[in-house]
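Enquirer: Dropping a structure here in structure tokens format, bear with me for questions.
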Amino acid sequence: MTLNDLIGTIGVGLILLAYFLNMFSLIKKDGNAYFIINILGAGVACFAAVLIHFMPFILLEAAWVIVSIVGLIKSIKKPQD
């Protein structure tokens with residue numbers, strides 16, 4: 001496994017971790033933790049894609065980061081019940 005593979009695996013692993021934690025109701029899908037883990041994971045995966053010059057994955061992960069940032073901002077601004 002190359003360093004690029006390791007970086008990409010860590011990023012994708014973080015995204016999957018957020019998904020599984022949500023699926024087992026350990027974190028909320030609209031909670032800050034979910035968005036932060038997704039931002040970190042997609043950012044790391046995007047960096048790995050940049051390292052290997054794979055544009056489709058760069059676009060996908062960059063979009064994932066942006067959507068997660070927007071979700072985090074909405075979550076922070078949302079009044080707590």
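The chains in the structure tokens are called A, B, ... from first to last as shown; in each chain the residues are counted from 1, and the ligands are counted from 1 in the order shown.
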Find the residues near stretch 47-59 of chain A: any atom within 6 Å, counting only C-alpha atoms, skip ones fewer than 4 places away on the same chain, and give them as a ChimeraX atom specification.

Expert: /A:4,7-8

Enquirer: Could you write out that same residue set with N, CA, C and O atoms as a PDB file, in the first residue's frame?

Expert:
```
ATOM      1  N   ASN A   4      -0.227   7.324  -0.733  1.00  0.00           N
ATOM      2  CA  ASN A   4      -1.471   7.865  -1.299  1.00  0.00           C
ATOM      3  C   ASN A   4      -2.658   6.962  -0.963  1.00  0.00           C
ATOM      4  O   ASN A   4      -3.747   7.445  -0.626  1.00  0.00           O
ATOM      5  N   ILE A   7      -3.542   7.410   2.773  1.00  0.00           N
ATOM      6  CA  ILE A   7      -4.251   8.672   3.008  1.00  0.00           C
ATOM      7  C   ILE A   7      -5.703   8.558   2.540  1.00  0.00           C
ATOM      8  O   ILE A   7      -6.630   8.937   3.254  1.00  0.00           O
ATOM      9  N   GLY A   8      -5.909   8.019   1.344  1.00  0.00           N
ATOM     10  CA  GLY A   8      -7.259   7.846   0.818  1.00  0.00           C
ATOM     11  C   GLY A   8      -8.097   6.902   1.665  1.00  0.00           C
ATOM     12  O   GLY A   8      -9.283   7.143   1.906  1.00  0.00           O
TER      13      GLY A   8
END
```

Enquirer: Give me, as a tab-separated table, the closest atom pair and its distance (Å, one decimal) for every residue of stretch 7-66 of chain A within a cut-off of 9 Å of stretch 72-78 of chain A, counting only C-alpha atoms, rows sorted by chain and rising number.

Expert:
```
residue	atom	partner	partner_atom	distance
A:Asp30	CA	A:Ser75	CA	6.5
A:Gly31	CA	A:Ser75	CA	6.5
A:Asn32	CA	A:Leu72	CA	5.9
A:Ala33	CA	A:Leu72	CA	8.8
A:Tyr34	CA	A:Leu72	CA	8.6
A:Phe35	CA	A:Leu72	CA	5.6
A:Ile36	CA	A:Leu72	CA	7.3
```

Enquirer: Nearest to A:Ala45 among A:Ile66, A:Met23, A:Met1, A:Leu60, with distances taken over only C-alpha atoms: which residue is it?

Expert: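 With only C-alpha atoms as the atom set, the closest residue is A:Leu60.
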
Enquirer: Just give me the gap between atom CA of A:Pro79 and atom CA of A:Ala18 in Å, one decimal is fine.

Expert: 23.0 Å

Enquirer: Provide the atom CA of A:Ser68 to atom CA of A:Leu3 distance in Å, to one decimal place.

Expert: 25.7 Å

Enquirer: Work out how far atom CA of A:Gly71 is from atom CA of A:Val12, in Å to one decimal.

Expert: 18.9 Å

Enquirer: Out of chain A, which residues get alpha helix (DSSP H) from DSSP, as a PyMOL selection string?

Expert: chain A and resi 3-23+32-52+55-77

Enquirer: Write out as a ChimeraX atom specification the residues lying within 9 Å of A:Gly41, counting only C-alpha atoms and excluding same-chain residues fewer than 3 positions away.

Expert: /A:8,10-16,18,36-38,44-46,61,65
